[in-house]
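Engineer: Contents of run_8.cif (mmCIF, C-alpha atoms):
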```
data_target
loop_
_atom_site.label_atom_id
_atom_site.label_comp_id
_atom_site.auth_asym_id
_atom_site.auth_seq_id
_atom_site.Cartn_x
_atom_site.Cartn_y
_atom_site.Cartn_z
CA MET A 1 120.69 73.14 87.27
CA ASN A 2 119.36 71.97 83.96
CA ALA A 3 116.70 69.28 84.18
CA PRO A 4 113.28 70.78 84.94
CA LEU A 5 112.23 70.10 88.55
CA GLU A 6 108.94 70.53 90.41
CA THR A 7 110.76 70.76 93.74
CA VAL A 8 113.84 72.93 93.94
CA GLU A 9 116.52 72.96 96.64
CA ILE A 10 117.36 76.53 97.56
CA GLU A 11 119.71 78.32 99.89
CA VAL A 12 118.82 81.92 100.72
CA ILE A 13 120.13 84.47 103.21
CA VAL A 14 116.99 85.90 104.77
CA ASN A 15 117.52 88.91 107.04
CA GLY A 16 121.12 87.79 107.52
CA GLU A 17 120.29 84.16 108.33
CA ARG A 18 121.14 81.30 106.03
CA VAL A 19 118.08 79.20 105.17
CA LYS A 20 118.01 75.92 103.21
CA ARG A 21 114.74 74.44 101.99
CA GLY A 22 113.24 72.30 99.27
CA VAL A 23 110.41 74.34 97.74
CA PRO A 24 107.75 73.70 95.10
CA ALA A 25 108.78 75.50 91.91
CA ARG A 26 105.41 77.30 91.84
CA LEU A 27 105.84 78.83 95.33
CA ASN A 28 106.32 82.57 95.08
CA LEU A 29 108.85 84.38 97.23
CA ALA A 30 106.24 86.20 99.35
CA ASP A 31 104.46 82.93 100.21
CA PHE A 32 107.82 81.28 100.93
CA LEU A 33 108.62 84.02 103.46
CA ARG A 34 105.16 83.95 105.03
CA ILE A 35 104.33 80.25 105.07
CA GLU A 36 107.68 78.51 105.16
CA LEU A 37 109.62 81.01 107.31
CA GLU A 38 106.62 82.54 109.17
CA LEU A 39 107.79 86.04 108.31
CA THR A 40 104.29 87.42 107.95
CA GLY A 41 105.28 91.09 107.76
CA THR A 42 105.43 90.75 103.98
CA HIS A 43 101.80 90.97 102.90
CA VAL A 44 100.13 89.40 99.91
CA GLY A 45 97.51 91.62 98.32
CA CYS A 46 96.76 91.41 94.64
CA GLU A 47 99.14 88.62 93.57
CA HIS A 48 99.75 90.27 90.21
CA GLY A 49 102.22 93.03 90.90
CA VAL A 50 99.84 95.96 91.17
CA CYS A 51 99.45 96.69 94.90
CA GLY A 52 103.03 96.59 96.25
CA ALA A 53 102.11 95.04 99.63
CA CYS A 54 104.59 92.17 99.06
CA THR A 55 107.61 94.44 98.41
CA VAL A 56 110.86 92.89 99.69
CA ARG A 57 114.55 93.42 98.93
CA VAL A 58 116.50 90.90 96.88
CA ASP A 59 120.24 91.53 96.70
CA GLY A 60 119.64 95.05 97.95
CA GLU A 61 116.94 96.11 95.46
CA ILE A 62 113.19 96.17 96.05
CA VAL A 63 111.08 93.69 94.08
CA ARG A 64 107.55 92.33 94.09
CA GLY A 65 107.59 89.18 96.24
CA CYS A 66 104.56 87.86 94.38
CA LEU A 67 106.23 88.12 90.96
CA MET A 68 109.30 86.09 91.76
CA PHE A 69 109.47 82.41 92.60
CA ALA A 70 111.31 81.31 95.74
CA ALA A 71 113.39 79.05 93.46
CA GLN A 72 114.70 82.18 91.74
CA ALA A 73 116.02 83.58 95.02
CA ASP A 74 118.45 80.68 95.37
CA GLY A 75 121.83 82.14 96.31
CA CYS A 76 120.37 85.60 96.94
CA LYS A 77 120.13 87.87 99.97
CA VAL A 78 116.53 88.61 100.85
CA ASP A 79 115.54 91.34 103.31
CA THR A 80 112.03 91.79 104.67
CA VAL A 81 110.35 94.40 106.83
CA GLU A 82 111.22 92.26 109.88
CA GLY A 83 114.93 92.46 109.03
CA LEU A 84 114.83 96.20 108.44
CA SER A 85 112.95 96.68 111.73
CA ASP A 86 115.38 94.56 113.76
CA SER A 87 118.42 96.31 112.26
CA ARG A 88 116.71 99.67 112.96
CA GLU A 89 117.30 100.68 109.35
CA ILE A 90 113.72 101.96 109.08
CA GLU A 91 113.31 103.16 112.66
CA GLU A 92 112.94 106.81 111.69
CA LEU A 93 110.42 106.00 108.99
CA GLN A 94 108.39 103.88 111.40
CA SER A 95 108.37 106.66 114.01
CA ALA A 96 107.39 109.23 111.42
CA PHE A 97 104.55 107.01 110.19
CA VAL A 98 103.19 106.84 113.75
CA LEU A 99 103.62 110.58 114.34
CA THR A 100 101.84 111.62 111.15
CA ASN A 101 99.15 108.91 111.30
CA ALA A 102 100.42 107.48 108.01
CA LEU A 103 98.69 104.15 108.50
CA GLN A 104 95.28 102.96 109.49
CA CYS A 105 94.72 99.26 108.80
CA GLY A 106 98.44 98.76 108.17
CA PHE A 107 98.11 96.26 105.33
CA CYS A 108 100.14 98.34 102.86
CA THR A 109 102.60 99.67 105.45
CA PRO A 110 105.40 97.06 105.23
CA GLY A 111 105.54 97.42 101.44
CA ILE A 112 105.48 101.20 101.67
CA LEU A 113 108.27 101.21 104.26
CA MET A 114 110.40 99.00 101.98
CA ALA A 115 109.79 101.30 99.02
CA ALA A 116 110.31 104.49 101.01
CA GLN A 117 113.62 103.25 102.39
CA ALA A 118 114.79 102.37 98.85
CA LEU A 119 113.85 105.86 97.66
CA LEU A 120 115.65 107.65 100.50
CA ARG A 121 118.73 105.50 100.06
CA ASP A 122 119.05 106.44 96.37
CA GLU A 123 117.64 109.96 96.57
CA PRO A 124 118.13 111.51 100.03
CA ASP A 125 116.16 114.69 99.31
CA PRO A 126 113.18 113.91 97.08
CA SER A 127 110.42 116.43 96.37
CA ARG A 128 106.84 115.62 97.40
CA GLU A 129 106.06 115.03 93.73
CA ARG A 130 108.93 112.58 93.45
CA ILE A 131 107.82 110.74 96.60
CA ARG A 132 104.35 110.39 95.10
CA GLU A 133 105.73 109.19 91.79
CA TYR A 134 108.02 106.65 93.47
CA LEU A 135 105.18 105.31 95.62
CA SER A 136 102.79 105.07 92.66
CA GLY A 137 103.36 101.31 92.76
CA ASN A 138 102.08 100.95 96.32
CA TYR A 139 98.36 101.06 96.99
CA CYS A 140 96.98 102.38 100.28
CA ARG A 141 93.19 102.24 100.62
CA CYS A 142 92.93 104.00 104.00
CA THR A 143 94.99 107.14 104.22
CA GLY A 144 94.71 109.03 100.95
CA TYR A 145 98.54 109.06 100.89
CA GLN A 146 98.89 112.62 102.22
CA ALA A 147 100.22 111.52 105.63
CA ILE A 148 102.46 108.89 104.05
CA VAL A 149 104.12 111.55 101.90
CA ASP A 150 104.35 113.80 104.97
CA ALA A 151 106.14 111.06 106.94
CA ILE A 152 108.67 110.27 104.21
CA GLU A 153 109.33 113.95 103.56
CA ALA A 154 109.85 114.56 107.29
CA VAL A 155 112.44 111.78 107.49
CA ALA A 156 114.25 113.07 104.41
CA LYS A 157 114.38 116.57 105.89
CA ALA A 158 115.54 115.30 109.30
CA ARG A 159 118.33 113.29 107.68
CA ALA A 160 119.35 116.22 105.47
CA GLY A 161 119.43 118.49 108.54
CA ARG A 162 121.81 116.12 110.33
CA ALA A 163 124.05 115.83 107.27
CA ARG A 164 124.56 119.59 107.16
CA MET B 165 95.57 83.25 92.68
CA LYS B 166 98.75 81.22 92.66
CA ALA B 167 100.69 79.91 89.68
CA PRO B 168 99.75 76.43 88.48
CA ARG B 169 102.23 73.58 88.87
CA PHE B 170 105.24 73.62 86.58
CA ALA B 171 108.75 72.27 86.45
CA TYR B 172 111.57 74.77 86.74
CA ALA B 173 114.86 74.76 84.86
CA ARG B 174 117.68 77.25 85.17
CA PRO B 175 120.07 76.94 82.24
CA ALA B 176 123.51 78.56 82.56
CA SER B 177 124.02 79.33 78.87
CA VAL B 178 122.08 80.25 75.73
CA ALA B 179 122.93 76.80 74.30
CA GLU B 180 121.42 75.07 77.34
CA ALA B 181 118.32 77.28 77.17
CA LEU B 182 117.86 76.50 73.46
CA ALA B 183 118.24 72.77 74.14
CA LEU B 184 115.52 72.97 76.81
CA LEU B 185 113.21 74.95 74.53
CA ASP B 186 113.83 72.46 71.74
CA LYS B 187 113.18 69.48 73.99
CA HIS B 188 109.99 70.76 75.61
CA LYS B 189 108.65 72.68 72.60
CA ASP B 190 105.21 74.22 73.24
CA ASP B 191 105.18 72.97 76.84
CA ALA B 192 108.00 75.37 77.73
CA ARG B 193 108.01 79.09 78.34
CA VAL B 194 110.94 81.43 78.88
CA LEU B 195 110.97 83.17 82.26
CA ALA B 196 112.87 86.46 82.04
CA GLY B 197 111.97 89.22 84.54
CA GLY B 198 108.59 87.57 85.09
CA GLN B 199 106.79 90.88 85.66
CA SER B 200 104.14 90.00 83.07
CA LEU B 201 104.50 86.22 82.83
CA VAL B 202 104.06 85.59 86.56
CA PRO B 203 100.76 87.57 86.70
CA MET B 204 99.64 85.55 83.66
CA LEU B 205 100.51 82.34 85.53
CA ASN B 206 98.74 83.56 88.67
CA PHE B 207 95.66 84.39 86.62
CA ARG B 208 96.00 80.97 84.95
CA VAL B 209 96.03 82.69 81.56
CA ALA B 210 99.25 80.77 80.91
CA ALA B 211 100.00 77.27 82.19
CA PRO B 212 103.29 76.02 80.73
CA LYS B 213 104.57 72.65 81.95
CA VAL B 214 108.16 73.89 82.03
CA LEU B 215 109.57 77.32 82.86
CA VAL B 216 113.03 78.00 81.46
CA ASP B 217 114.50 80.66 83.75
CA ILE B 218 117.12 82.62 81.77
CA ASN B 219 117.99 85.00 84.63
CA ARG B 220 121.39 83.43 85.31
CA ILE B 221 122.63 83.59 81.69
CA ALA B 222 125.21 86.36 81.98
CA ALA B 223 125.75 86.57 78.20
CA LEU B 224 122.22 87.95 77.76
CA SER B 225 122.83 91.03 79.93
CA GLY B 226 124.47 94.33 79.29
CA ILE B 227 124.51 97.34 77.01
CA LYS B 228 127.28 97.61 74.44
CA VAL B 229 128.09 100.52 72.16
CA THR B 230 129.76 99.86 68.81
CA LYS B 231 130.58 102.19 65.91
CA SER B 232 127.21 101.57 64.27
CA HIS B 233 124.76 100.69 67.03
CA VAL B 234 123.80 100.26 70.65
CA ARG B 235 123.23 96.62 71.51
CA ILE B 236 120.91 95.94 74.43
CA GLY B 237 121.08 92.41 75.83
CA ALA B 238 117.65 90.84 76.22
CA LEU B 239 118.12 90.30 79.95
CA SER B 240 119.09 93.93 80.65
CA ARG B 241 116.75 95.12 83.40
CA HIS B 242 114.71 98.28 82.97
CA VAL B 243 116.62 99.81 85.88
CA GLU B 244 119.92 99.28 84.01
CA LEU B 245 118.56 101.13 80.98
CA GLU B 246 117.15 103.84 83.25
CA ARG B 247 120.55 104.44 84.87
CA SER B 248 122.79 103.91 81.85
CA PRO B 249 124.75 106.99 80.71
CA ASP B 250 125.06 105.35 77.25
CA ILE B 251 121.29 105.02 76.91
CA ALA B 252 120.77 108.61 78.13
CA LYS B 253 123.26 109.94 75.59
CA LEU B 254 122.70 107.69 72.58
CA LEU B 255 119.08 106.54 72.92
CA PRO B 256 117.34 109.42 74.71
CA LEU B 257 113.96 108.10 73.52
CA VAL B 258 114.47 104.87 75.47
CA ALA B 259 115.68 106.86 78.49
CA ALA B 260 112.57 109.05 78.31
CA ALA B 261 110.31 105.98 78.18
CA MET B 262 111.82 104.33 81.25
CA PRO B 263 110.08 106.28 84.04
CA HIS B 264 106.73 105.37 82.45
CA ILE B 265 107.38 101.63 82.68
CA ALA B 266 105.57 100.42 85.80
CA HIS B 267 107.20 101.16 89.17
CA PRO B 268 110.72 100.97 90.66
CA ALA B 269 110.22 97.50 92.21
CA ILE B 270 109.07 96.19 88.83
CA ARG B 271 111.80 97.96 86.87
CA ASN B 272 114.36 96.26 89.12
CA ARG B 273 113.25 92.87 87.74
CA GLY B 274 111.58 93.47 84.36
CA THR B 275 113.76 93.06 81.31
CA PHE B 276 114.08 94.76 77.95
CA GLY B 277 113.83 91.47 76.07
CA GLY B 278 110.89 90.23 78.11
CA SER B 279 108.92 93.34 77.29
CA CYS B 280 109.67 93.06 73.57
CA ALA B 281 109.12 89.29 73.34
CA LEU B 282 105.78 89.53 75.14
CA ALA B 283 104.66 92.34 72.78
CA ASP B 284 101.94 93.77 74.96
CA PRO B 285 100.17 96.29 72.71
CA ALA B 286 100.32 98.97 75.41
CA ALA B 287 104.02 98.49 76.26
CA GLU B 288 106.56 101.27 75.77
CA LEU B 289 109.67 99.48 74.52
CA PRO B 290 108.22 97.85 71.38
CA ALA B 291 107.14 101.34 70.25
CA CYS B 292 110.63 102.72 70.95
CA ALA B 293 112.19 99.88 68.93
CA LEU B 294 109.88 100.69 66.01
CA ALA B 295 110.44 104.44 66.18
CA LEU B 296 114.23 104.01 66.21
CA GLY B 297 114.41 101.25 63.60
CA ALA B 298 115.94 98.63 65.91
CA THR B 299 116.80 95.11 64.82
CA PHE B 300 116.13 92.08 67.02
CA VAL B 301 118.66 89.26 67.31
CA LEU B 302 117.02 85.85 67.68
CA ALA B 303 118.93 82.69 68.55
CA GLY B 304 117.78 79.23 67.51
CA LYS B 305 119.12 75.75 67.09
CA LYS B 306 120.54 76.65 63.67
CA GLY B 307 122.18 79.88 64.78
CA GLU B 308 121.21 83.53 64.93
CA ARG B 309 118.96 85.56 62.67
CA ARG B 310 118.10 89.23 62.63
CA VAL B 311 114.60 90.66 62.28
CA ALA B 312 113.80 94.36 61.87
CA ALA B 313 111.40 95.77 64.48
CA GLU B 314 108.88 96.46 61.69
CA ASP B 315 108.72 92.74 60.93
CA PHE B 316 109.05 91.56 64.53
CA PHE B 317 105.74 92.73 66.04
CA LYS B 318 103.03 90.68 64.36
CA GLY B 319 99.96 91.34 66.47
CA LEU B 320 98.46 90.90 69.91
CA TYR B 321 101.21 89.27 72.01
CA ALA B 322 102.56 87.86 68.74
CA THR B 323 106.08 88.26 67.38
CA ALA B 324 108.35 86.80 64.72
CA LEU B 325 109.92 84.51 67.35
CA ARG B 326 109.54 80.91 66.18
CA PRO B 327 109.03 77.98 68.56
CA GLY B 328 112.36 77.14 70.14
CA GLU B 329 113.87 80.57 69.48
CA LEU B 330 115.17 82.95 72.13
CA LEU B 331 115.40 86.73 71.84
CA VAL B 332 118.99 87.54 72.77
CA ALA B 333 119.41 91.26 72.02
CA ALA B 334 118.28 94.30 70.08
CA GLU B 335 120.51 96.57 68.05
CA PHE B 336 119.59 100.23 67.81
CA PRO B 337 121.36 102.18 65.04
CA LEU B 338 123.27 105.21 66.30
CA ALA B 339 121.29 108.36 65.52
CA LYS B 340 122.68 110.80 62.99
CA PRO B 341 123.51 114.30 64.20
CA GLY B 342 120.44 116.53 64.27
CA CYS B 343 117.99 113.73 65.01
CA LYS B 344 115.47 114.33 67.75
CA SER B 345 113.12 112.14 69.69
CA ALA B 346 110.32 112.61 72.20
CA PHE B 347 108.11 110.38 74.31
CA GLY B 348 104.80 110.69 76.11
CA GLU B 349 101.94 108.62 77.39
CA LEU B 350 98.62 108.99 79.15
CA ALA B 351 97.75 106.59 81.98
CA ARG B 352 95.28 106.70 84.85
CA ARG B 353 97.97 106.04 87.44
CA HIS B 354 101.66 106.80 86.95
CA GLY B 355 103.32 103.56 85.87
CA ASP B 356 100.19 101.80 84.67
CA TYR B 357 99.92 100.57 81.11
CA ALA B 358 99.25 103.43 78.75
CA MET B 359 95.74 104.31 77.59
CA VAL B 360 97.60 105.89 74.68
CA GLY B 361 101.33 106.41 74.25
CA LEU B 362 103.69 107.79 71.64
CA ALA B 363 107.37 107.26 70.88
CA ALA B 364 108.46 109.70 68.19
CA HIS B 365 111.65 110.24 66.26
CA ARG B 366 112.65 112.85 63.68
CA SER B 367 115.48 112.52 61.22
CA GLY B 368 115.72 115.58 58.99
CA LYS B 369 112.14 116.26 57.85
CA ALA B 370 111.01 112.69 58.27
CA MET B 371 108.95 112.06 61.39
CA ARG B 372 108.15 108.61 62.65
CA ALA B 373 105.48 108.30 65.30
CA ALA B 374 104.98 104.92 66.96
CA PHE B 375 101.67 104.93 68.85
CA PHE B 376 100.92 102.25 71.42
CA GLY B 377 97.79 101.24 73.30
CA VAL B 378 95.76 101.96 70.16
CA GLY B 379 95.68 98.56 68.46
CA ASP B 380 96.91 94.98 68.58
CA ARG B 381 100.49 96.16 68.26
CA PRO B 382 102.32 99.49 68.11
CA GLU B 383 101.22 101.46 65.05
CA VAL B 384 103.66 103.54 63.05
CA VAL B 385 102.66 106.77 61.33
CA ASP B 386 105.28 108.25 59.03
CA ALA B 387 104.90 111.87 57.90
CA ASP B 388 106.93 115.00 57.31
CA SER B 389 104.92 117.31 59.53
CA ILE B 390 102.97 117.32 62.78
CA ASP B 391 99.76 117.83 60.82
CA GLY B 392 100.69 114.86 58.68
CA VAL B 393 101.03 112.63 61.73
CA ILE B 394 97.79 113.92 63.24
CA SER B 395 95.84 113.21 60.07
CA GLY B 396 97.46 109.75 60.01
CA ILE B 397 95.81 109.08 63.37
CA ASP B 398 92.48 108.84 61.49
CA ASP B 399 93.63 105.49 60.09
CA LEU B 400 94.19 103.94 63.53
CA GLU B 401 91.54 101.53 64.77
CA PRO B 402 91.87 101.30 68.56
CA ARG B 403 89.66 98.92 70.49
CA ALA B 404 87.67 100.16 73.44
CA ASP B 405 88.93 98.84 76.76
CA LEU B 406 88.23 99.26 80.46
CA HIS B 407 89.65 102.78 80.46
CA ALA B 408 88.41 104.41 77.29
CA SER B 409 86.18 104.07 74.25
CA ALA B 410 87.75 103.93 70.79
CA GLU B 411 86.71 107.55 70.16
CA THR B 412 88.31 108.68 73.41
CA LYS B 413 91.53 106.88 72.51
CA LEU B 414 91.66 108.59 69.11
CA HIS B 415 91.05 111.94 70.76
CA LEU B 416 93.80 111.26 73.32
CA ALA B 417 96.17 110.17 70.54
CA ARG B 418 95.67 113.53 68.81
CA VAL B 419 96.18 115.47 72.04
CA LEU B 420 99.31 113.46 72.85
CA ALA B 421 100.66 113.85 69.31
CA GLY B 422 100.31 117.62 69.59
CA ARG B 423 102.24 117.66 72.87
CA VAL B 424 104.95 115.16 71.99
CA LEU B 425 105.65 116.15 68.41
CA ALA B 426 106.02 119.82 69.39
CA GLN B 427 109.21 118.70 71.17
CA LEU B 428 110.65 117.56 67.85
CA GLN B 429 110.71 121.09 66.41
#
```
Is it possible to express this structure as structure tokens?

Structural biologist:
Amino acid sequence: MNAPLETVEIEVIVNGERVKRGVPARLNLADFLRIELELTGTHVGCEHGVCGACTVRVDGEIVRGCLMFAAQADGCKVDTVEGLSDSREIEELQSAFVLTNALQCGFCTPGILMAAQALLRDEPDPSRERIREYLSGNYCRCTGYQAIVDAIEAVAKARAGRAR
Amino acid sequence: MKAPRFAYARPASVAEALALLDKHKDDARVLAGGQSLVPMLNFRVAAPKVLVDINRIAALSGIKVTKSHVRIGALSRHVELERSPDIAKLLPLVAAAMPHIAHPAIRNRGTFGGSCALADPAAELPACALALGATFVLAGKKGERRVAAEDFFKGLYATALRPGELLVAAEFPLAKPGCKSAFGELARRHGDYAMVGLAAHRSGKAMRAAFFGVGDRPEVVDADSIDGVISGIDDLEPRADLHASAETKLHLARVLAGRVLAQLQ
């Protein structure tokens, strides 16, 4: 694709389903998911990459949905919190978040779940300090983070226990 | 806010990208990782008519080691540098800087070349390129040219890139045995832009300290002792910003220099 276009035809695999759309070039990936596909689990907070509420997975790696255009996801696999919930990939994290009271208003939660799952996939047994460092890109304005770190640590320990 | 309207092009090769940049001139902007450009679009600080997305140009990616240098393709993502055994072994300064660059989700997208071409005065990689004496490879209609890091960073978000040129790689000379490097920065939140940062390299007695966040571009202080670097800090002229006054920044630069340069002993 070489000539500059204001509307771009894209084909994306979203949560395992093939989706074809014509999108405005300026539409970011998070808005595409929310408005076009009605997947409103991905939240839009700051729209400049600071808060982490729009975190989604593109080709297996977490990214900021607000800092990528939908046109750029053409040909990619995109996974959202809805997909990870339905596949039960984050079931333990979700349960642990409920048990430890790791959310209040819930606005940051989808982004934090996406980030936490990415951390535990790459580093199954992170220290509390490492969890905090990894989540430094996700703002929560309710909890003070303590319970979020507790929940992620609990899941890591539970998984490590089973692996033994 | 949302990005303003623009037209989107996705060239498949450097030649196609250069043709687009040549055709659309000042109306065009290169979209690499987009981790700084997209916020600028959303804030309406930038409003190019055409975005030239270079993310599918495979030739711009990758880290190659030759007999004389490490070549980092402009499109190499921060996460690739962070995980590269070659970078860890041959450019430990760059490896040490990586965890300070934003957050994992941003490092998965952000690129080495994007960071250098944007030349944010508080960014880590321009300072690393200066400390290690890297050379930037710029492609244009008439071919490639090479520019030393010292001549590349011109000022606030300003580089030696000419209109129509594309940054394609940087070449870092292989360090001689016995060289040492160290990195540190002070930020309010882990991963935020530095209030003050320092990329330092020692070769024999010669110390090179590249400070960032203390001026319009990274500032180099060359000296042959820690005290020499610390007295060189007096010549820096940082601007006050949201986080700190100029005096505070100078104080933090001295504190940071003490901590970081001690690792070069």

Engineer: Please return, as a PyMOL selection string, all residues of chain B lying within 9 Å of chain A when all atoms listed in the file are considered.

Structural biologist: chain B and resi 165-176+180-181+184+197-204+206-207+214-217+219+266-273+353-356

Engineer: Could you list, as a VMD selection string, every residue within 9 Å of Lys228 (chain B), counting all atoms listed in the file and ignoring same-chain residues fewer than 3 positions away?

Structural biologist: chain B and resid 233 to 237 250

Engineer: Could you name the residues that touch Val78 (chain A) at 10 Å or less, counting only C-alpha atoms, but leaving out those on the same chain fewer than 5 positions away, as JSON, numbers by chain?

Structural biologist: {"A": [12, 13, 14, 15, 16, 17, 29, 33, 56, 57, 58, 59, 60, 61, 62, 73, 83]}

Engineer: Could you take the residues named above and write them with C-alpha atoms, as a short mmCIF file (atom, residue, chain, number, x, y, z; two decimals), keeping the file's coordinate frame?

Structural biologist:
```
data_model
loop_
_atom_site.label_atom_id
_atom_site.label_comp_id
_atom_site.auth_asym_id
_atom_site.auth_seq_id
_atom_site.Cartn_x
_atom_site.Cartn_y
_atom_site.Cartn_z
CA VAL A 12 118.82 81.92 100.72
CA ILE A 13 120.13 84.47 103.21
CA VAL A 14 116.99 85.90 104.77
CA ASN A 15 117.52 88.91 107.04
CA GLY A 16 121.12 87.79 107.52
CA GLU A 17 120.29 84.16 108.33
CA LEU A 29 108.85 84.38 97.23
CA LEU A 33 108.62 84.02 103.46
CA VAL A 56 110.86 92.89 99.69
CA ARG A 57 114.55 93.42 98.93
CA VAL A 58 116.50 90.90 96.88
CA ASP A 59 120.24 91.53 96.70
CA GLY A 60 119.64 95.05 97.95
CA GLU A 61 116.94 96.11 95.46
CA ILE A 62 113.19 96.17 96.05
CA ALA A 73 116.02 83.58 95.02
CA GLY A 83 114.93 92.46 109.03
#
```

Engineer: Running the PyMOL selection byres ((chain A and resi 93) around 12) on this model by hand, what would come out? Give it as a PDB file with C-alpha atoms, in the frame of the given file.

Structural biologist:
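Final file, out_4.pdb:
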```pdb
ATOM      1  CA  VAL A  81     110.350  94.400 106.830  1.00  0.00           C
ATOM      2  CA  LEU A  84     114.830  96.200 108.440  1.00  0.00           C
ATOM      3  CA  SER A  85     112.950  96.680 111.730  1.00  0.00           C
ATOM      4  CA  ARG A  88     116.710  99.670 112.960  1.00  0.00           C
ATOM      5  CA  GLU A  89     117.300 100.680 109.350  1.00  0.00           C
ATOM      6  CA  ILE A  90     113.720 101.960 109.080  1.00  0.00           C
ATOM      7  CA  GLU A  91     113.310 103.160 112.660  1.00  0.00           C
ATOM      8  CA  GLU A  92     112.940 106.810 111.690  1.00  0.00           C
ATOM      9  CA  GLN A  94     108.390 103.880 111.400  1.00  0.00           C
ATOM     10  CA  SER A  95     108.370 106.660 114.010  1.00  0.00           C
ATOM     11  CA  ALA A  96     107.390 109.230 111.420  1.00  0.00           C
ATOM     12  CA  PHE A  97     104.550 107.010 110.190  1.00  0.00           C
ATOM     13  CA  VAL A  98     103.190 106.840 113.750  1.00  0.00           C
ATOM     14  CA  LEU A  99     103.620 110.580 114.340  1.00  0.00           C
ATOM     15  CA  THR A 100     101.840 111.620 111.150  1.00  0.00           C
ATOM     16  CA  ASN A 101      99.150 108.910 111.300  1.00  0.00           C
ATOM     17  CA  ALA A 102     100.420 107.480 108.010  1.00  0.00           C
ATOM     18  CA  LEU A 103      98.690 104.150 108.500  1.00  0.00           C
ATOM     19  CA  THR A 109     102.600  99.670 105.450  1.00  0.00           C
ATOM     20  CA  PRO A 110     105.400  97.060 105.230  1.00  0.00           C
ATOM     21  CA  ILE A 112     105.480 101.200 101.670  1.00  0.00           C
ATOM     22  CA  LEU A 113     108.270 101.210 104.260  1.00  0.00           C
ATOM     23  CA  MET A 114     110.400  99.000 101.980  1.00  0.00           C
ATOM     24  CA  ALA A 115     109.790 101.300  99.020  1.00  0.00           C
ATOM     25  CA  ALA A 116     110.310 104.490 101.010  1.00  0.00           C
ATOM     26  CA  GLN A 117     113.620 103.250 102.390  1.00  0.00           C
ATOM     27  CA  ALA A 118     114.790 102.370  98.850  1.00  0.00           C
ATOM     28  CA  LEU A 119     113.850 105.860  97.660  1.00  0.00           C
ATOM     29  CA  LEU A 120     115.650 107.650 100.500  1.00  0.00           C
ATOM     30  CA  ILE A 148     102.460 108.890 104.050  1.00  0.00           C
ATOM     31  CA  VAL A 149     104.120 111.550 101.900  1.00  0.00           C
ATOM     32  CA  ASP A 150     104.350 113.800 104.970  1.00  0.00           C
ATOM     33  CA  ALA A 151     106.140 111.060 106.940  1.00  0.00           C
ATOM     34  CA  ILE A 152     108.670 110.270 104.210  1.00  0.00           C
ATOM     35  CA  GLU A 153     109.330 113.950 103.560  1.00  0.00           C
ATOM     36  CA  ALA A 154     109.850 114.560 107.290  1.00  0.00           C
ATOM     37  CA  VAL A 155     112.440 111.780 107.490  1.00  0.00           C
ATOM     38  CA  ALA A 156     114.250 113.070 104.410  1.00  0.00           C
ATOM     39  CA  LYS A 157     114.380 116.570 105.890  1.00  0.00           C
ATOM     40  CA  ALA A 158     115.540 115.300 109.300  1.00  0.00           C
ATOM     41  CA  ARG A 159     118.330 113.290 107.680  1.00  0.00           C
TER      42      ARG A 159
END
```

Engineer: Just give me the gap between CA of Asp315 (chain B) and CA of Gly297 (chain B) in Å, one decimal is fine.

Structural biologist: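 Between these atoms lies a distance of 10.6 Å.
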
Engineer: Every residue with an atom at most 7 Å from (107.8, 77.6, 79.6) (file coordinates; all atoms listed in the file) is what I'm after, so could you write them as a PyMOL selection string?

Structural biologist: chain B and resi 191-195+212-216

Engineer: Evaluate the PyMOL selection byres ((chain B and resi 179) around 12) on the structure here and hand back the selected residues as an MDAnalysis selection string.

Structural biologist: (chainID A and resid 2) or (chainID B and resid 175:178 180:186 218 221 223:224 303:308 328:330 332)

Engineer: Which residues come within 9 Å of Cys142 (chain A), counting only C-alpha atoms, excluding same-chain residues fewer than 4 positions away, as a list in words?

Structural biologist: Leu103, Gln104, Cys105 and Gly106 of chain A

Engineer: Could you check the closest approach to Cys54 (chain A) for each of A:Gln146, A:Ser127, A:Thr42, A:Ser87 and tell me which residue wins, using only C-alpha atoms?

Structural biologist: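 Between A:Gln146, A:Ser127, A:Thr42, A:Ser87, the residue approaching Cys54 (chain A) most closely is A:Thr42.
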
Engineer: Between A:Asp122, A:Gly144, A:Glu129, A:His43, single out the one closest to Arg247 (chain B), counting all atoms listed in the file.

Structural biologist: A:Asp122

Engineer: So, counting all atoms listed in the file, which residue among A:Asp86, A:Asp79, A:Glu9, A:Glu123 is closest to Gly111 (chain A)?

Structural biologist: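 Closest residue, counting all atoms listed in the file: A:Asp79.
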
Engineer: If you apply the PyMOL selection byres ((chain B and resi 366) around 8) to this file, what residues do you get, as an MDAnalysis selection string?

Structural biologist: chainID B and resid 343:345 364:365 367:372 428

Engineer: Between CA of Ala346 (chain B) and CA of Asp284 (chain B), what distance in Å does the model show, to one decimal?

Structural biologist: 20.8 Å

Engineer: Find the residues near region 385-398 of chain B: any atom within 8 Å, counting only C-alpha atoms, skip ones fewer than 5 places away on the same chain, and give them as a list in words.

Structural biologist: Lys369, Ala370, Met371, Arg372, Ala373, Ala374, Phe375, Leu414, Ala417, Arg418, Ala421, Gly422, Leu425 and Ala426 of chain B

Engineer: What does the distance from CA of Thr323 (chain B) to CA of Gly377 (chain B) come to in Å, to one decimal?

Structural biologist: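 One can read the CA of Thr323 (chain B) to CA of Gly377 (chain B) distance as 16.5 Å.
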
Engineer: Which residues, written as a PyMOL selection string, have at least one atom at most 8 Å from Phe347 (chain B), with all atoms listed in the file counted and residues fewer than 4 positions away on the same chain left out?

Structural biologist: chain B and resi 257+260-261+361-364+424
